[in-house]
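File shown: coords_34.csv (CSV, C-alpha atoms and all ligand atoms).
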```csv
chain,number,residue,atom,x,y,z
Y,91,MET,CA,-81.1,72.2,122.9
Y,92,TYR,CA,-82.5,72.4,119.4
Y,93,SER,CA,-84.5,69.2,119.0
Y,94,PHE,CA,-88.0,68.1,118.0
Y,95,GLU,CA,-88.4,66.6,121.4
Y,96,GLN,CA,-88.0,70.1,123.0
Y,97,LEU,CA,-90.9,71.5,121.1
Y,98,ALA,CA,-94.2,71.3,122.9
Y,99,GLY,CA,-97.5,71.6,121.1
Y,100,GLN,CA,-95.9,71.3,117.7
Y,101,GLU,CA,-96.5,67.6,117.1
Y,102,ARG,CA,-98.4,68.3,113.8
Y,103,ASN,CA,-95.6,70.4,112.3
Y,104,ILE,CA,-92.9,68.0,113.4
Y,105,ARG,CA,-94.8,65.1,111.8
Y,106,PHE,CA,-95.0,67.1,108.6
Y,107,LEU,CA,-91.3,68.0,108.5
Y,108,ARG,CA,-90.2,64.5,109.4
Y,109,GLY,CA,-92.4,63.1,106.7
Y,110,ALA,CA,-90.8,65.5,104.2
Y,111,ILE,CA,-87.3,64.1,105.1
Y,112,ARG,CA,-88.4,60.5,105.3
Y,113,GLN,CA,-90.1,60.4,102.0
Y,114,ALA,CA,-87.6,62.6,100.4
Y,115,ARG,CA,-90.5,64.8,99.4
Y,116,TRP,CA,-88.1,67.6,99.7
Y,117,ILE,CA,-89.6,71.1,99.7
Y,118,HIS,CA,-87.0,73.8,99.3
Y,119,ALA,CA,-88.5,76.9,100.8
Y,120,TYR,CA,-90.5,77.2,104.0
Y,121,LEU,CA,-92.1,80.0,105.9
Y,122,PHE,CA,-92.4,79.3,109.6
Y,123,LEU,CA,-95.1,81.7,110.7
Y,124,GLY,CA,-96.3,82.3,114.3
Y,125,PRO,CA,-96.1,84.7,117.3
Y,126,GLU,CA,-92.8,85.4,119.0
Y,127,GLY,CA,-91.6,82.7,121.3
Y,128,THR,CA,-93.6,79.9,119.7
Y,129,GLY,CA,-90.4,78.0,118.9
Y,130,LYS,CA,-89.8,78.9,115.2
Y,131,LYS,CA,-86.1,79.1,115.5
Y,132,THR,CA,-85.8,75.9,117.5
Y,133,LEU,CA,-88.0,74.1,114.9
Y,134,ALA,CA,-85.8,75.4,112.1
Y,135,LEU,CA,-82.6,74.3,113.8
Y,136,ALA,CA,-84.0,70.9,114.8
Y,137,PHE,CA,-85.0,70.5,111.1
Y,138,ALA,CA,-81.5,71.5,110.0
Y,139,LYS,CA,-80.1,68.8,112.3
Y,140,ALA,CA,-82.5,66.2,111.0
Y,141,LEU,CA,-81.5,67.0,107.4
Y,142,ASN,CA,-77.9,66.7,108.1
Y,143,CYS,CA,-77.7,64.0,110.9
Y,144,LEU,CA,-74.8,61.6,110.2
Y,145,ASP,CA,-76.6,58.7,112.0
Y,146,GLN,CA,-78.2,57.0,109.0
Y,147,GLN,CA,-80.9,55.3,111.0
Y,148,ALA,CA,-82.0,58.6,112.6
Y,149,PHE,CA,-81.9,60.4,109.3
Y,150,GLN,CA,-84.0,57.8,107.5
Y,151,ALA,CA,-86.6,58.2,110.4
Y,152,GLY,CA,-86.6,61.9,109.8
Y,153,GLN,CA,-84.9,62.5,113.1
Y,154,ALA,CA,-81.6,63.8,114.5
Y,155,CYS,CA,-79.4,61.8,116.9
Y,156,GLY,CA,-78.3,64.9,118.7
Y,157,MET,CA,-74.8,63.3,119.2
Y,158,CYS,CA,-73.0,63.1,115.9
Y,159,ARG,CA,-70.5,65.7,114.7
Y,160,SER,CA,-73.1,67.4,112.5
Y,161,CYS,CA,-75.8,67.6,115.3
Y,162,GLN,CA,-73.2,69.0,117.7
Y,163,LYS,CA,-71.9,71.6,115.3
Y,164,ILE,CA,-75.5,72.8,114.6
Y,165,GLU,CA,-76.2,72.9,118.3
Y,166,HIS,CA,-73.2,75.2,118.8
Y,167,GLY,CA,-73.8,77.4,115.8
Y,168,ASN,CA,-70.6,76.4,113.9
Y,169,HIS,CA,-71.8,74.0,111.2
Y,170,PRO,CA,-70.4,75.4,107.9
Y,171,ASP,CA,-73.5,74.6,105.9
Y,172,VAL,CA,-76.1,75.9,108.3
Y,173,HIS,CA,-76.5,79.7,108.2
Y,174,LEU,CA,-78.6,81.9,110.4
Y,175,PHE,CA,-79.3,85.4,109.2
Y,176,GLN,CA,-80.7,88.0,111.6
Y,177,PRO,CA,-81.6,91.6,111.0
Y,178,GLN,CA,-78.7,94.1,111.0
Y,179,GLY,CA,-80.2,96.9,113.1
Y,180,THR,CA,-83.8,97.0,111.9
Y,181,ALA,CA,-83.7,95.2,108.6
Y,182,LEU,CA,-82.4,92.2,106.7
Y,183,ARG,CA,-80.5,94.1,104.0
Y,184,ILE,CA,-79.5,93.7,100.4
Y,185,ASP,CA,-75.9,92.9,101.3
Y,186,GLN,CA,-77.1,90.0,103.4
Y,187,ALA,CA,-79.3,88.8,100.5
Y,188,ARG,CA,-76.2,89.0,98.2
Y,189,GLU,CA,-74.2,86.9,100.7
Y,190,ILE,CA,-77.0,84.3,100.8
Y,191,ARG,CA,-77.0,84.1,97.0
Y,192,ARG,CA,-73.2,83.7,97.0
Y,193,LEU,CA,-73.2,80.9,99.6
Y,194,ALA,CA,-76.1,79.1,97.9
Y,195,GLU,CA,-74.1,78.8,94.7
Y,196,LEU,CA,-71.5,76.7,96.6
Y,197,LYS,CA,-71.9,72.9,97.2
Y,198,PRO,CA,-72.5,71.8,100.8
Y,199,TYR,CA,-69.1,71.8,102.5
Y,200,GLU,CA,-69.7,68.7,104.7
Y,201,GLY,CA,-73.4,68.4,105.2
Y,202,ARG,CA,-76.2,66.8,103.0
Y,203,TYR,CA,-78.0,70.1,102.7
Y,204,LYS,CA,-77.1,73.8,103.0
Y,205,VAL,CA,-79.7,75.4,105.2
Y,206,PHE,CA,-80.4,79.1,105.3
Y,207,ILE,CA,-82.5,80.4,108.2
Y,208,LEU,CA,-83.7,84.0,107.9
Y,209,ASP,CA,-84.9,85.2,111.3
Y,210,GLN,CA,-87.6,87.9,111.4
Y,211,ALA,CA,-88.0,87.6,107.6
Y,212,GLU,CA,-90.7,90.3,107.7
Y,213,ARG,CA,-87.8,92.7,108.1
Y,214,LEU,CA,-86.4,91.9,104.6
Y,215,THR,CA,-86.2,95.2,102.8
Y,216,ALA,CA,-88.1,95.1,99.5
Y,217,GLU,CA,-84.8,95.2,97.6
Y,218,ALA,CA,-83.4,92.2,99.6
Y,219,ALA,CA,-86.6,90.3,99.3
Y,220,ASN,CA,-86.8,90.8,95.5
Y,221,SER,CA,-83.2,89.7,95.0
Y,222,LEU,CA,-84.1,86.4,96.7
Y,223,LEU,CA,-87.2,85.6,94.7
Y,224,LYS,CA,-85.5,83.5,92.1
Y,225,LEU,CA,-83.5,81.6,94.6
Y,226,LEU,CA,-86.7,80.8,96.6
Y,227,GLU,CA,-88.4,79.7,93.5
Y,228,GLU,CA,-85.7,77.4,92.1
Y,229,PRO,CA,-83.2,76.8,94.9
Y,230,PRO,CA,-79.9,75.1,93.9
Y,231,ASP,CA,-79.7,71.4,94.6
Y,232,ARG,CA,-79.3,70.4,98.3
Y,233,CYS,CA,-80.3,73.9,99.5
Y,234,ALA,CA,-83.1,74.7,101.9
Y,235,PHE,CA,-84.5,78.1,102.9
Y,236,ILE,CA,-86.4,78.6,106.1
Y,237,LEU,CA,-87.9,82.0,106.7
Y,238,LEU,CA,-89.1,82.8,110.2
Y,239,ALA,CA,-91.8,85.5,110.6
Y,240,SER,CA,-94.5,86.6,113.1
Y,241,ASP,CA,-96.2,89.2,110.9
Y,242,LEU,CA,-97.5,87.9,107.6
Y,243,GLY,CA,-98.9,91.3,106.7
Y,244,ALA,CA,-95.4,92.8,106.6
Y,245,MET,CA,-94.1,90.3,104.0
Y,246,LEU,CA,-94.1,90.6,100.3
Y,247,PRO,CA,-96.8,88.3,98.8
Y,248,THR,CA,-94.3,87.2,96.2
Y,249,VAL,CA,-92.0,85.8,98.9
Y,250,VAL,CA,-94.9,84.1,100.8
Y,251,SER,CA,-96.2,82.5,97.6
Y,252,ARG,CA,-92.9,80.8,97.0
Y,253,CYS,CA,-92.7,79.2,100.4
Y,254,VAL,CA,-94.6,76.3,102.1
Y,255,THR,CA,-96.1,77.9,105.2
Y,256,VAL,CA,-95.8,76.0,108.5
Y,257,ARG,CA,-97.7,77.7,111.3
Y,258,THR,CA,-96.5,77.6,114.9
Y,259,GLN,CA,-99.2,78.1,117.6
Y,260,PRO,CA,-99.1,79.4,121.1
Y,261,VAL,CA,-99.1,76.5,123.6
Y,262,PRO,CA,-102.2,76.3,125.9
Y,263,THR,CA,-101.5,77.5,129.4
Y,264,ALA,CA,-102.2,74.3,131.3
Y,265,GLN,CA,-99.8,72.4,128.9
Y,266,MET,CA,-97.2,75.1,129.4
Y,267,GLU,CA,-97.3,74.8,133.2
Y,268,ALA,CA,-96.7,71.0,132.9
Y,269,ILE,CA,-93.8,71.6,130.5
Y,270,LEU,CA,-92.1,74.1,132.7
Y,271,GLN,CA,-92.4,71.9,135.8
Y,272,GLU,CA,-91.2,68.9,133.9
Y,273,ARG,CA,-88.1,70.7,132.6
Y,274,ALA,CA,-87.3,72.1,136.0
Y,275,ARG,CA,-87.5,68.7,137.6
Y,276,ALA,CA,-85.3,67.2,134.9
Y,277,ASP,CA,-82.7,69.8,136.0
Y,278,GLY,CA,-83.2,68.8,139.6
Y,279,ARG,CA,-85.1,72.0,140.5
Y,280,GLU,CA,-88.6,72.7,141.8
Y,281,LEU,CA,-90.5,75.8,140.7
Y,282,ASP,CA,-93.2,77.5,142.8
Y,283,PRO,CA,-96.5,76.4,141.2
Y,284,GLY,CA,-98.0,79.8,141.9
Y,285,ASP,CA,-95.1,81.5,140.0
Y,286,VAL,CA,-95.4,79.1,137.1
Y,287,ARG,CA,-99.1,79.6,136.8
Y,288,VAL,CA,-98.7,83.4,136.6
Y,289,ALA,CA,-95.7,83.2,134.3
Y,290,CYS,CA,-97.7,81.1,131.9
Y,291,ALA,CA,-100.6,83.4,132.0
Y,292,LEU,CA,-98.4,86.4,131.2
Y,293,ALA,CA,-96.4,84.6,128.5
Y,294,GLU,CA,-99.0,84.8,125.7
Y,295,GLY,CA,-98.5,81.2,124.7
Y,296,SER,CA,-94.7,81.3,124.5
Y,297,VAL,CA,-93.0,78.6,126.5
Y,298,GLY,CA,-89.7,80.5,126.2
Y,299,LYS,CA,-91.1,83.6,127.7
Y,300,ALA,CA,-92.9,81.7,130.4
Y,301,ARG,CA,-89.7,80.0,131.4
Y,302,ASP,CA,-87.7,83.3,131.4
Y,303,LEU,CA,-90.4,84.8,133.7
Y,304,ALA,CA,-90.7,81.8,136.0
Y,305,GLU,CA,-87.0,81.4,136.4
Y,306,GLY,CA,-86.2,85.1,136.5
Y,307,ARG,CA,-87.6,88.2,138.0
Y,308,LEU,CA,-91.2,87.0,138.4
Y,309,ALA,CA,-90.8,85.3,141.8
Y,310,GLY,CA,-89.8,88.4,143.8
Y,311,LEU,CA,-92.2,90.6,141.8
Y,312,ARG,CA,-95.2,88.5,142.3
Y,313,GLN,CA,-94.7,88.5,146.1
Y,314,ALA,CA,-94.1,92.3,146.0
Y,315,ALA,CA,-97.3,92.9,144.1
Y,316,LEU,CA,-99.3,90.6,146.5
Y,317,GLN,CA,-97.8,92.3,149.5
Y,318,PHE,CA,-98.8,95.6,148.2
Y,319,VAL,CA,-102.5,94.8,147.4
Y,320,LEU,CA,-103.0,92.8,150.6
Y,321,ASN,CA,-101.4,95.4,152.9
Y,322,VAL,CA,-102.0,98.8,151.3
Y,323,GLY,CA,-104.9,99.4,153.6
Y,324,ARG,CA,-102.5,99.7,156.4
Y,325,TRP,CA,-99.8,101.7,154.5
Y,326,SER,CA,-99.0,105.4,154.8
Y,327,ALA,CA,-98.4,107.5,151.7
Y,328,ALA,CA,-94.7,107.4,152.6
Y,329,ASP,CA,-94.8,103.6,152.5
Y,330,CYS,CA,-96.2,103.7,149.0
Y,331,LEU,CA,-93.5,106.0,147.8
Y,332,ASP,CA,-90.8,103.9,149.4
Y,333,PHE,CA,-92.2,100.9,147.6
Y,334,SER,CA,-92.3,102.7,144.3
Y,335,ALA,CA,-88.6,103.8,144.7
Y,336,HIS,CA,-87.5,100.1,144.2
Y,337,TRP,CA,-88.4,100.4,140.5
Y,338,GLU,CA,-86.8,103.7,139.7
Y,339,ASP,CA,-85.4,103.3,136.2
Y,340,LYS,CA,-86.5,99.7,135.8
Y,341,ARG,CA,-89.1,100.3,133.2
Y,342,GLU,CA,-89.5,96.6,132.1
Y,343,GLU,CA,-89.9,95.4,135.7
Y,344,ALA,CA,-92.3,98.2,136.6
Y,345,GLY,CA,-94.4,97.2,133.6
Y,346,LEU,CA,-94.4,93.6,134.8
Y,347,LEU,CA,-95.3,94.8,138.3
Y,348,ILE,CA,-98.3,96.7,136.9
Y,349,GLN,CA,-99.4,93.6,135.0
Y,350,LEU,CA,-99.2,91.6,138.2
Y,351,LEU,CA,-101.2,94.1,140.1
Y,352,GLN,CA,-103.9,93.9,137.4
Y,353,GLY,CA,-103.9,90.2,137.7
Y,354,ILE,CA,-104.4,90.4,141.5
Y,355,TYR,CA,-107.2,93.0,141.2
Y,356,HIS,CA,-108.8,90.7,138.6
Y,357,ASP,CA,-108.7,87.9,141.1
Y,358,LEU,CA,-110.4,90.2,143.6
Y,359,LEU,CA,-113.1,91.0,141.0
Y,360,TRP,CA,-113.7,87.3,140.4
Y,361,ILE,CA,-114.1,86.6,144.1
Y,362,LYS,CA,-116.4,89.6,144.5
Y,363,LEU,CA,-118.6,88.6,141.6
Y,364,ALA,CA,-118.5,84.8,141.7
Y,365,SER,CA,-117.5,84.2,145.4
Y,366,GLY,CA,-117.4,80.4,145.8
Y,367,LEU,CA,-117.1,79.7,142.1
Y,368,ALA,CA,-114.1,81.8,141.6
Y,369,GLN,CA,-111.4,79.4,142.9
Y,370,GLY,CA,-110.9,77.6,139.5
Y,371,TYR,CA,-110.4,80.9,137.7
Y,372,LEU,CA,-108.0,82.7,140.0
Y,373,LEU,CA,-104.5,83.6,138.8
Y,374,HIS,CA,-103.3,83.3,142.4
Y,375,PRO,CA,-105.2,80.3,143.9
Y,376,ASP,CA,-102.5,79.8,146.4
Y,377,GLN,CA,-103.4,83.2,148.0
Y,378,ALA,CA,-107.2,82.5,148.0
Y,379,PRO,CA,-107.9,83.1,151.7
Y,380,ALA,CA,-105.9,86.4,151.9
Y,381,LEU,CA,-107.5,87.5,148.6
Y,382,ALA,CA,-111.0,86.7,149.9
Y,383,GLU,CA,-110.3,88.7,153.0
Y,384,ALA,CA,-109.2,91.7,150.9
Y,385,ALA,CA,-112.2,91.3,148.6
Y,386,ARG,CA,-114.5,91.5,151.7
Y,387,THR,CA,-112.9,94.9,152.7
Y,388,LEU,CA,-113.1,96.4,149.2
Y,389,SER,CA,-116.2,97.6,147.4
Y,390,LEU,CA,-116.8,96.5,143.8
Y,391,ASP,CA,-116.3,100.1,142.7
Y,392,ALA,CA,-113.0,100.3,144.4
Y,393,ILE,CA,-111.8,97.1,142.6
Y,394,LEU,CA,-113.0,98.3,139.2
Y,395,GLN,CA,-111.4,101.7,139.7
Y,396,SER,CA,-108.1,100.0,140.7
Y,397,LEU,CA,-108.1,97.9,137.6
Y,398,GLN,CA,-108.8,101.0,135.4
Y,399,LEU,CA,-106.0,102.8,137.2
Y,400,CYS,CA,-103.5,100.0,136.5
Y,401,ARG,CA,-104.4,100.0,132.8
Y,402,TRP,CA,-104.2,103.8,132.5
Y,403,VAL,CA,-100.8,103.9,134.1
Y,404,GLU,CA,-99.6,101.0,132.0
Y,405,ARG,CA,-100.5,103.0,128.9
Y,406,GLN,CA,-98.7,106.1,130.3
Y,407,LEU,CA,-95.6,103.9,130.7
Y,408,ASP,CA,-95.8,102.9,127.1
Y,409,ARG,CA,-95.9,106.6,126.2
Y,410,ASN,CA,-92.6,107.0,128.0
Y,411,LEU,CA,-93.8,108.7,131.2
Y,412,SER,CA,-91.1,108.5,133.9
Y,413,VAL,CA,-91.2,105.1,135.7
Y,414,ARG,CA,-90.9,106.7,139.1
Y,415,LEU,CA,-93.7,109.2,138.5
Y,416,ALA,CA,-96.0,106.6,137.0
Y,417,LEU,CA,-95.6,104.2,139.9
Y,418,ASP,CA,-95.9,107.0,142.5
Y,419,VAL,CA,-99.2,108.1,141.0
Y,420,LEU,CA,-100.4,104.6,140.7
Y,421,LEU,CA,-99.6,103.4,144.1
Y,422,LEU,CA,-100.9,106.5,145.9
Y,423,ASP,CA,-104.1,106.3,143.9
Y,424,LEU,CA,-104.6,102.6,144.6
Y,425,ARG,CA,-104.2,103.4,148.3
Y,426,GLU,CA,-107.0,106.0,147.8
Y,427,CYS,CA,-109.2,103.4,146.2
Y,428,PHE,CA,-108.6,101.0,149.0
Y,429,ALA,CA,-109.7,103.6,151.4
Y,430,GLY,CA,-112.9,104.0,149.4
Y,431,ARG,CA,-112.1,107.5,148.1
Y,432,ASP,CA,-112.8,108.4,144.5
Y,433,VAL,CA,-109.8,109.0,142.3
Y,434,PRO,CA,-110.7,111.7,139.8
Y,435,LEU,CA,-107.9,110.8,137.4
Y,436,VAL,CA,-109.7,107.6,136.3
Y,437,ALA,CA,-113.0,109.3,135.6
Y,438,THR,CA,-111.6,112.1,133.5
Y,439,GLU,CA,-108.4,111.0,131.7
Y,440,TYR,CA,-109.0,107.3,131.4
Y,441,GLU,CA,-112.2,107.6,129.6
Y,442,GLY,CA,-110.9,110.4,127.5
Y,443,GLY,CA,-107.7,108.6,126.5
D,501,ZN,ZN,-76.9,63.4,114.4
```

Take the structure in the file and give it back as C-alpha cells.
Amino acid sequence: MYSFEQLAGQERNIRFLRGAIRQARWIHAYLFLGPEGTGKKTLALAFAKALNCLDQQAFQAGQACGMCRSCQKIEHGNHPDVHLFQPQGTALRIDQAREIRRLAELKPYEGRYKVFILDQAERLTAEAANSLLKLLEEPPDRCAFILLASDLGAMLPTVVSRCVTVRTQPVPTAQMEAILQERARADGRELDPGDVRVACALAEGSVGKARDLAEGRLAGLRQAALQFVLNVGRWSAADCLDFSAHWEDKREEAGLLIQLLQGIYHDLLWIKLASGLAQGYLLHPDQAPALAEAARTLSLDAILQSLQLCRWVERQLDRNLSVRLALDVLLLDLRECFAGRDVPLVATEYEGG
C-alpha cells in the first residue's frame, strides 16, 4: 500500500510534502535522496496519490483517500498520468528521457497532475540527464518530477541543483522492531521477537529489508547459526561438512548465515567482556543462558579469532570464491577455534588482505 501512513520515521518529509499540496506552493521537481529501502518509492507514489486524489476533502488536507478511482489506479500501477521509469539494464537511457519529454508535453489525461518518477536517478546517462535539464527547470503546467536516488555523488550537479531535495533516513532499530510487529499483528500473525530483533539489526535502517528478512529466510537461518555455534564443540569434521552442504550454490543465504554467525560471536564477545552488563546489548537475548554457557567454554582469543574468520570468509565470498569451499573452510576452522587450536589462516591472510 502506497500511503503516507505506511511510512515510518518520515513524519517531517510527509509534513513538508502535504504542506506543499495544501498551500498550493507547488514545487515541480524533487529529488528524494536516501539509502536503499528507506521508502523513497513509497513516498513518491503516496505523494502522487495525494496530488491526484478525487476526494476533495482529502486533497485539500494534502492527503489521499486511498479509495477513489485515482488512488486505486495509482496503487495498481495503471494511472495514465503517473509514470514510473526504471533503469533499462544498468542505466536510464536517452530514449527514456525522450519518452518523458514527449509525455510531459501532453495535458494530464484524467488526473490533476502528471507525475514522473525516475527510480535510481543516479543511473541517468549524462546524455539523458542533460536532455531533461530544461524540463526540470521549467516543467510544463501540472507536471511534477520526482527523482529517486541513493548516491548523490553519482548525479550531475546540474540535475541536483534544479530539484528540491527531500532526504529519507534509515529508521532506528527499536522503532523498526515495533513497526514490524505492529504490521504482522494487523495481518493476524505473530513474529518471533528474536527473529525481528536480528532482522532489524541486519537491515541497515530499511523497514522493507527487515520485513523481507523477518518474514522470509531468516527464521530458519538464525536457528541454524545458533545451533552451529552452540554445538560445534561436540561436532565431528564430517558434521561440519554436512552442515555446509545445505548452502551449496546458495550464495545469498550463505552470506546471511555468515553475518548471523558473526552476530552470535559478537554476543559471546560481549558476554566475555561485560558479563552481567551484556544482556541489554545482545543481538540474541532470548538465547542468553546458552550463550553464557558457550562463552564460559571459549577463550577470548578463540572468540576473536572466530570473528576474524567470519569476516575473512565473508570477503572471500564477495570475491566470488565457491560457496561450498568458503563454508567448508569457515566451519572447519571455527571448529578448530572452539577446540582452542590456532588457525593459521587468520594470522597470515586476514592481516595481509
Ligand atoms: Zn483518493

Legend entry - Among the residues Y:Ala384, Y:Arg409, Y:Val261, Y:Ile236, the one that comes closest to Leu107 in chain Y [using all atoms listed in the file]: Y:Ile236

Inset, instruction - Could you please determine the separation between CA of Gly124 in chain Y and CA of Cys400 in chain Y in Å, to one decimal place? - result: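 Pair CA of Gly124 in chain Y / CA of Cys400 in chain Y returns 29.3 Å.
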
Inset, instruction - Could you report the residues within 10 Å of ligand ZN 501 (chain D), using all atoms listed in the file, as a PyMOL selection string? - result: chain Y and resi 139-149+153-164

Please produce a file of the residues just selected, as a JSON list (two decimals), in the coordinates of the input, where the atoms kept are C-alpha atoms.
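Written out: again02.json:
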```
[["chain", "number", "residue", "atom", "x", "y", "z"],
["Y", 139, "LYS", "CA", -80.10, 68.80, 112.30],
["Y", 140, "ALA", "CA", -82.50, 66.20, 111.00],
["Y", 141, "LEU", "CA", -81.50, 67.00, 107.40],
["Y", 142, "ASN", "CA", -77.90, 66.70, 108.10],
["Y", 143, "CYS", "CA", -77.70, 64.00, 110.90],
["Y", 144, "LEU", "CA", -74.80, 61.60, 110.20],
["Y", 145, "ASP", "CA", -76.60, 58.70, 112.00],
["Y", 146, "GLN", "CA", -78.20, 57.00, 109.00],
["Y", 147, "GLN", "CA", -80.90, 55.30, 111.00],
["Y", 148, "ALA", "CA", -82.00, 58.60, 112.60],
["Y", 149, "PHE", "CA", -81.90, 60.40, 109.30],
["Y", 153, "GLN", "CA", -84.90, 62.50, 113.10],
["Y", 154, "ALA", "CA", -81.60, 63.80, 114.50],
["Y", 155, "CYS", "CA", -79.40, 61.80, 116.90],
["Y", 156, "GLY", "CA", -78.30, 64.90, 118.70],
["Y", 157, "MET", "CA", -74.80, 63.30, 119.20],
["Y", 158, "CYS", "CA", -73.00, 63.10, 115.90],
["Y", 159, "ARG", "CA", -70.50, 65.70, 114.70],
["Y", 160, "SER", "CA", -73.10, 67.40, 112.50],
["Y", 161, "CYS", "CA", -75.80, 67.60, 115.30],
["Y", 162, "GLN", "CA", -73.20, 69.00, 117.70],
["Y", 163, "LYS", "CA", -71.90, 71.60, 115.30],
["Y", 164, "ILE", "CA", -75.50, 72.80, 114.60]]
```

Legend entry - Nearest-residue call for Gly353 in chain Y, choices Y:Arg301, Y:Gly99, Y:Leu390, Y:Ala291, using only C-alpha atoms: Y:Ala291

Inset, instruction - Take CA of Phe106 in chain Y and CA of Ala300 in chain Y and report the distance between them in Å, one decimal. - result: 26.3 Å

Inset, instruction - Determine, counting only C-alpha atoms, every residue of protein, DNA or RNA that lies within 12 Å of (-94.2, 89.0, 145.0) in the file coordinates, then give the result as a PyMOL selection string. - result: chain Y and resi 282+284-285+288+307-320+346-348+350-351+354+374+377

Legend entry - Pick from Y:Tyr203, Y:Thr387, Y:Ala218, Y:Ala211, whichever lies nearest to Ala187 in chain Y using only C-alpha atoms: Y:Ala218

Legend entry - Separation of CA of Thr128 in chain Y from CA of Ala219 in chain Y, in Å and rounded to one decimal: 23.9 Å

Legend entry - Surrounding residues of range 419-423 of chain Y excluding itself and chain neighbours under 3 positions, 12 Å, all atoms listed in the file, as a PyMOL selection string: chain Y and resi 315+318-319+322-323+325-335+344-345+347-348+351-352+392+395-407+411-416+426-436

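In this comparison, which uses all atoms listed in the file, the residue of Y:Glu195, Y:Asp418, Y:Asp391, Y:Asp231 approaching His336 in chain Y most closely is Y:Asp418.
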
Test item: which residues lie within 6 Å of (-93.9, 78.0, 106.6) counting only C-alpha atoms, as a CSV table (one decimal) with C-alpha atoms, keeping the file's coordinate frame:
```
chain,number,residue,atom,x,y,z
Y,120,TYR,CA,-90.5,77.2,104.0
Y,121,LEU,CA,-92.1,80.0,105.9
Y,122,PHE,CA,-92.4,79.3,109.6
Y,123,LEU,CA,-95.1,81.7,110.7
Y,254,VAL,CA,-94.6,76.3,102.1
Y,255,THR,CA,-96.1,77.9,105.2
Y,256,VAL,CA,-95.8,76.0,108.5
```

Legend entry - Residue nearest Arg425 in chain Y among Y:Ala244, Y:Leu388, Y:Val250, Y:Ala98 (counting only C-alpha atoms): Y:Leu388

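Closest to Gly152 in chain Y among Y:Arg105, Y:Arg252, Y:Arg232, Y:Arg183 is Y:Arg105, based on all atoms listed in the file.
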